[in-house]
Amino acid sequence: MPPNGVGGGGVHWNAETWRFLPSDFVLKTHLTQRYGASFLPPDMTIQDWGVTYDELEPHYDAFEHLCGTSGTAGNLQGKIQDGGNPFEGPRSRPYPTPAQKQGYGHTLWAKAARELGYKPFPQPSGNMSQAYTNPLGLRLGPCTYCGFCEWFGCGNYSKASPQTTILPVLIRKSNFAVRDNSEVTRINLDASGNHATGVTFVDTSGEEWEQPADLVILAAFSIFNVQLLLLSKIGQPYDPAANTGVVGRNFTHQAMSSVDGFFDKAKFNFNPFIASGAIGMCIDEFNGDNFDHGPHGFVGGGYLGQVQTNGRPIETTPVPSGTPKWGAAWKSAVRDNYLSSLKGGSIHGSFYSYRDVYLDLDPTYKDRFGRPLMRMTIDLHENELKAAAFMTDKYAEIVKAMGARQIDKSPRKGPYDVTKYQTTHLNGGTVMGADPKTSVVNRYLQSWDVPNLFVMGAGAFPQNAGYNPTGTVGALAFWAAAAIRNQYLKNPGPLVHA
Amino acid sequence: MPRSVALVMAALLPLLVSSAGPARSGDEQSFNTVEKGRYLATAADCFACHTQRDGGKPFAGGRAIETPFGIIVSANITPDHDTGIGSWSDEQFDNAVRKGIRPDGSRLYPAMPYPSYTKMSRADVDAIRAYLQTLEPVHNAVESNKLPFPLDIRAAMRAWDKLYFVEGELKPDPQQSPEWNRGAYLVLGPGHCAACHTPKSMLGGDKASEPLRGSPVQGWFAPNITNDERTGIGRWSVEDVTAFLKTGHNRFATATGPMAEEIADSSSHLTDSDLKAMATYLKSLPAQADNPAPIAANDPAMVAGGAIYRDQCSACHGLDGKGVPQLFPALAESPAVRSKDPASLIRVVLRGARSVATDKEPTGPGMPSFAWQLNDDQVAAVLTYVRNAWPPPAPAVTAKQVGKARSDLQTRSE
């Protein structure tokens with residue numbers, strides 16, 4: 001579901017609103033110092049971001065307050081807080097709204113996790129625990145736990161989306177215009193090739209227009225940003241064979257695993273339809289470098305969460321493995337397990353970058369304008385598969401402690417299969433960094449090659465952490481916007497000299 | 001005149017003095033006069049009727065105004081000499097605005113609210129004229145009269161005026177505060193609230209005995225805006241009324257329909273002190289004694305309506321009917337919910353609604369249409385429920401009323 005409409009993925013997202021760990025932003029340096037360079041797989045191409053957690057903190061805070069994020073702080077200005085995530089970086093102030101209420105299954109899972117010695121905390125959520133007015137004066141209503149946020153827009157003004165948190169203010173501005181149902185086909189450059197003059201776009205009637213601009217901010221979905229840069233011939237395309245170039249390099253996804261638990265229906269009734277997109281209880285003991293990877297032979301990790309987001313009929317009909325795929329036995333199993341199974345066992349694994357995972361222009365297939373499509377070259381590597389197996393076992397221990405009668409483990413396995421939904425977290429391809437040889441944009445998301453072009457989004461991630469990306473996408477956007485307003489507009493030109 | 005005397009007069013007769021200043025200077029081009037005229041034209045909401053929707057040039061007329069008797073198309077009031085009012089004298093402009101008489105001596109239809117505007121001072125009307133003269137002239141010939149025979153005979157309006165039109169400037173009430181008098185002037189004069197909110201006779205004239213007690217308008221019901229606790233603004237504080245007029249929202253209600261348009265074009269642009277004055281005046285209007293019998297909780301319509309409410313309405317409006325302040329109307333507290341005529345309620349349920357967004361309250365929340373999933377009986381039941389679940393009660397809504405509204409709405413574009 002790559003998001004293309006007004007509001008992008010902010011319409012149909014679940015609204016999990018995480019911050020990455022401080023060590024995630026200096027990943028290469030951190031892991032090399034702790035474990036030595038030889039601990040990392042030779043073809044792994046992780047790198048530092050060029051921006052630190054401390055620099056991003058005010059911008060995470062701004063994004064959370066724009067969104068009204070509901071959560072429990074785990075680290076307030078360096079002081080660890082009960083009930084929150086003790087591993088998170090220090091936050092300057094609490095979440096703008098308290099954590100959401102949790103369902104029965106989420107609560108039992110957290111209890112079992114606590115008894116096993118973990119520190120469970122509520123997932124930070126852009127579904128509102130209470131009514132909220134954001135700093136722009138826009139209003140959000142309290143979530144009613146209908147369980148239809150995931151993959152849908154919210155009809156109750158309860159989910160942080162561009163439509164609820166920012167667009168109504170923008171459209172009141174006389175200097176703001178939206179051309180919806182239009183598609184930018186390329187960024188135009190002047191003869192020097194290092195100055196953007198605007199964009200060309202096509203409207204619904206197929207007519208082509210040119211929009212002149214002093215400053216172009218590319219904010220399409222990550223893979224389409226890569227496609228637009230390649231089609232506009234901005235930046236050197238990545239060549240995996242020669243290991244040169246940058247555009248399309250360090251493409252990553254999310255290495256998702258899951259565990260389903262089936263319980264005695266006479267004893268457990270989870271009412272799974274009472275849910276929200278970002279409901280759930282999580283632990284962070286196995287994320288990032290929150291634990292010693294030395295004995296395990298892999299790097300990375302993810303949060304483990306009981307985050308069942310819905311009990312939607314047709315879609316959410318968990319049955320134990322071994323059940324026939326159709327017919328009376330299947331129907332009977334659906335009926336027996338609907339209320340007493342936990343399907344939201346989410347292991348949100350990191351996906352680190354590799355030399356042979358990348359995006360480029362497809363040599364064969366074209367889009368409706370005759371432009372080459374984006375081509376993904378991707379597979380799962382041993383490091384991620386090991387991490388997935390390890391975390392899936394840890395997760396299963398918690399479900400076992402809850403008293404499940406059957407546990408179905410689904411650790412992520414190769415080869416990569418595009419037909420299996422595993423989030424829309426497509427990252428990288430326009431990565432940020434300190435060195436133009438290994439990044440497309442500088443630490444302010446400004447193109448190294450075309451200084452009046454900034455590229456937003458998860459494409460900037462040099463590798464993906466074990467969290468949902470939107471919180472970090474939002475923080476980076478605020479960070480880049482601050483640099484544009486406070487530095488670039490006063491003195492247009494490169495903000496970093498390589 | 002000694003200065004001290006002038007100040008005493010200012011305190012006693014604020015309207016006359018404040019109206020007198022710039023306009024009496026004789027300089028119609030002065031910034032103060034034009035700016036005052038712009039403000040008064042906003043208070044009088046000339047823009048709303050005299051501008052075609054969807055991209056019409058401001059004040060160039062051409063908007064079809066629905067009246068109970070047929071369609072009247074608004075006039076071009078830009079200073080264009082041929083098709084606007086550029087060739088009119090100030091006297092002719094005043095005659096039209098305050099007496100309903102056109103330069104050729106024929107009569108305006110009271111879709112132009114001259115029965116309200118007559119209460120304005122000449123100086124204020126001159127200021128509006130001065131402002132309109134600064135607009136870019138737009139050549140736009142408008143055929144205003146599209147009424148059926150015999151209403152298309154303007155002479156008929158002479159008789160109407162005799163019946164319903166009371167000419168004359170509003171005189172301040174010395175017993176009341178300057179704020180109250182300012183509020184009365186704005187509400188009864190330029191604000192022309194009576195045009196929608198005062199009940200009308202068969203011939204469309206104001207029922208003078210029931211001022212501002214609510215009236216049907218364009219498929220809605222403009223509610224009672226007197227201080228009535230049950231169907232008026234009796235439970236709203238002066239601050240609640242002020243916030244509603246300024247932002248379109250308050251802790252109980254969000255504006256929709258024609259009122260949303262009024263707030264967007266007019267009252268949201270008025271000063272806080274003027275809005276507070278209007279609220280002060282409205283809050284002083286006496287309530288009516290009128291207490292319908294409550295409908296029993298076990299009445300079949302209440303039982304069915306309660307179930308529908310729980311399924312379809314409570315997610316936003318709350319099981320307790322209290323909604324979310326500034327966002328989702330508090331049905332339990334809403335006087336409009338208890339209006340004797342449920343037209344607005346039925347309309348909102350059948351067609352959905354979009355509340356107004358303003359600079360102060362940029363979220364203009366929408367409600368979806370339920371016409372496709374609730375039949376007439378169900379709409380009637382759920383509305384009977386919301387009118388009686390929380391005191392004070394209001395008469396039941398019938399399926400027949402819903403059915404009539406449903407067929408009526410099919411011919412309405414907005």
# chains A, B, ... in the order shown; residues from 1 in each chain; ligands from 1
>>> interface_residues(of="chain A", to="chain B", cutoff="7 Å", atoms="only C-alpha atoms", output="VMD selection string")
chain A and resid 137 to 139 141 144 156 168 to 169
>>> residues_around(residues="Pro68 in chain B", least_positions_apart="2", cutoff="8 Å", atoms="only C-alpha atoms", output="PyMOL selection string")
chain B and resi 66+70+204
>>> residues_around(residues="Phe369 in chain A", least_positions_apart="3", cutoff="10 Å", atoms="only C-alpha atoms", output="MDAnalysis selection string")
chainID A and resid 185 202 206 366 372
>>> residues_around(residues="Tyr421 in chain A", least_positions_apart="5", cutoff="12 Å", atoms="only C-alpha atoms", output="list of chain:residue names")
A:Met1, A:Pro2, A:Trp151, A:His253, A:Gln254, A:Ala255, A:Met256, A:Ser257, A:Arg412, A:Tyr416
>>> write_last_selection(atoms="N, CA and C atoms", output="mmCIF file, in the first residue's frame")
data_model
loop_
_atom_site.group_PDB
_atom_site.id
_atom_site.type_symbol
_atom_site.label_atom_id
_atom_site.label_comp_id
_atom_site.auth_asym_id
_atom_site.auth_seq_id
_atom_site.Cartn_x
_atom_site.Cartn_y
_atom_site.Cartn_z
ATOM 1 N N MET A 1 0.828 -1.198 0.000
ATOM 2 C CA MET A 1 0.000 0.000 0.000
ATOM 3 C C MET A 1 0.869 1.258 0.000
ATOM 4 N N PRO A 2 1.698 1.452 -0.970
ATOM 5 C CA PRO A 2 2.479 2.692 -0.951
ATOM 6 C C PRO A 2 1.531 3.885 -1.024
ATOM 7 N N TRP A 151 -5.048 0.653 8.352
ATOM 8 C CA TRP A 151 -5.369 0.578 6.928
ATOM 9 C C TRP A 151 -6.540 1.479 6.523
ATOM 10 N N HIS A 253 13.892 -2.688 4.675
ATOM 11 C CA HIS A 253 12.478 -2.906 4.954
ATOM 12 C C HIS A 253 12.373 -3.142 6.465
ATOM 13 N N GLN A 254 11.451 -3.986 6.905
ATOM 14 C CA GLN A 254 11.269 -4.271 8.320
ATOM 15 C C GLN A 254 11.214 -5.788 8.446
ATOM 16 N N ALA A 255 12.051 -6.369 9.283
ATOM 17 C CA ALA A 255 12.089 -7.839 9.412
ATOM 18 C C ALA A 255 11.091 -8.281 10.474
ATOM 19 N N MET A 256 9.834 -8.381 10.056
ATOM 20 C CA MET A 256 8.738 -8.674 10.991
ATOM 21 C C MET A 256 8.621 -10.171 11.273
ATOM 22 N N SER A 257 8.437 -10.495 12.540
ATOM 23 C CA SER A 257 8.092 -11.867 12.920
ATOM 24 C C SER A 257 6.849 -11.804 13.796
ATOM 25 N N ARG A 412 10.512 -14.439 10.858
ATOM 26 C CA ARG A 412 10.727 -14.046 9.454
ATOM 27 C C ARG A 412 11.738 -14.992 8.833
ATOM 28 N N TYR A 416 12.920 -13.399 0.611
ATOM 29 C CA TYR A 416 11.966 -12.297 0.708
ATOM 30 C C TYR A 416 10.779 -12.569 -0.202
#
>>> residues_around(residues="Ala184 in chain B", least_positions_apart="4", cutoff="7 Å", atoms="only C-alpha atoms", output="ChimeraX atom specification")
/B:180,188,278,281
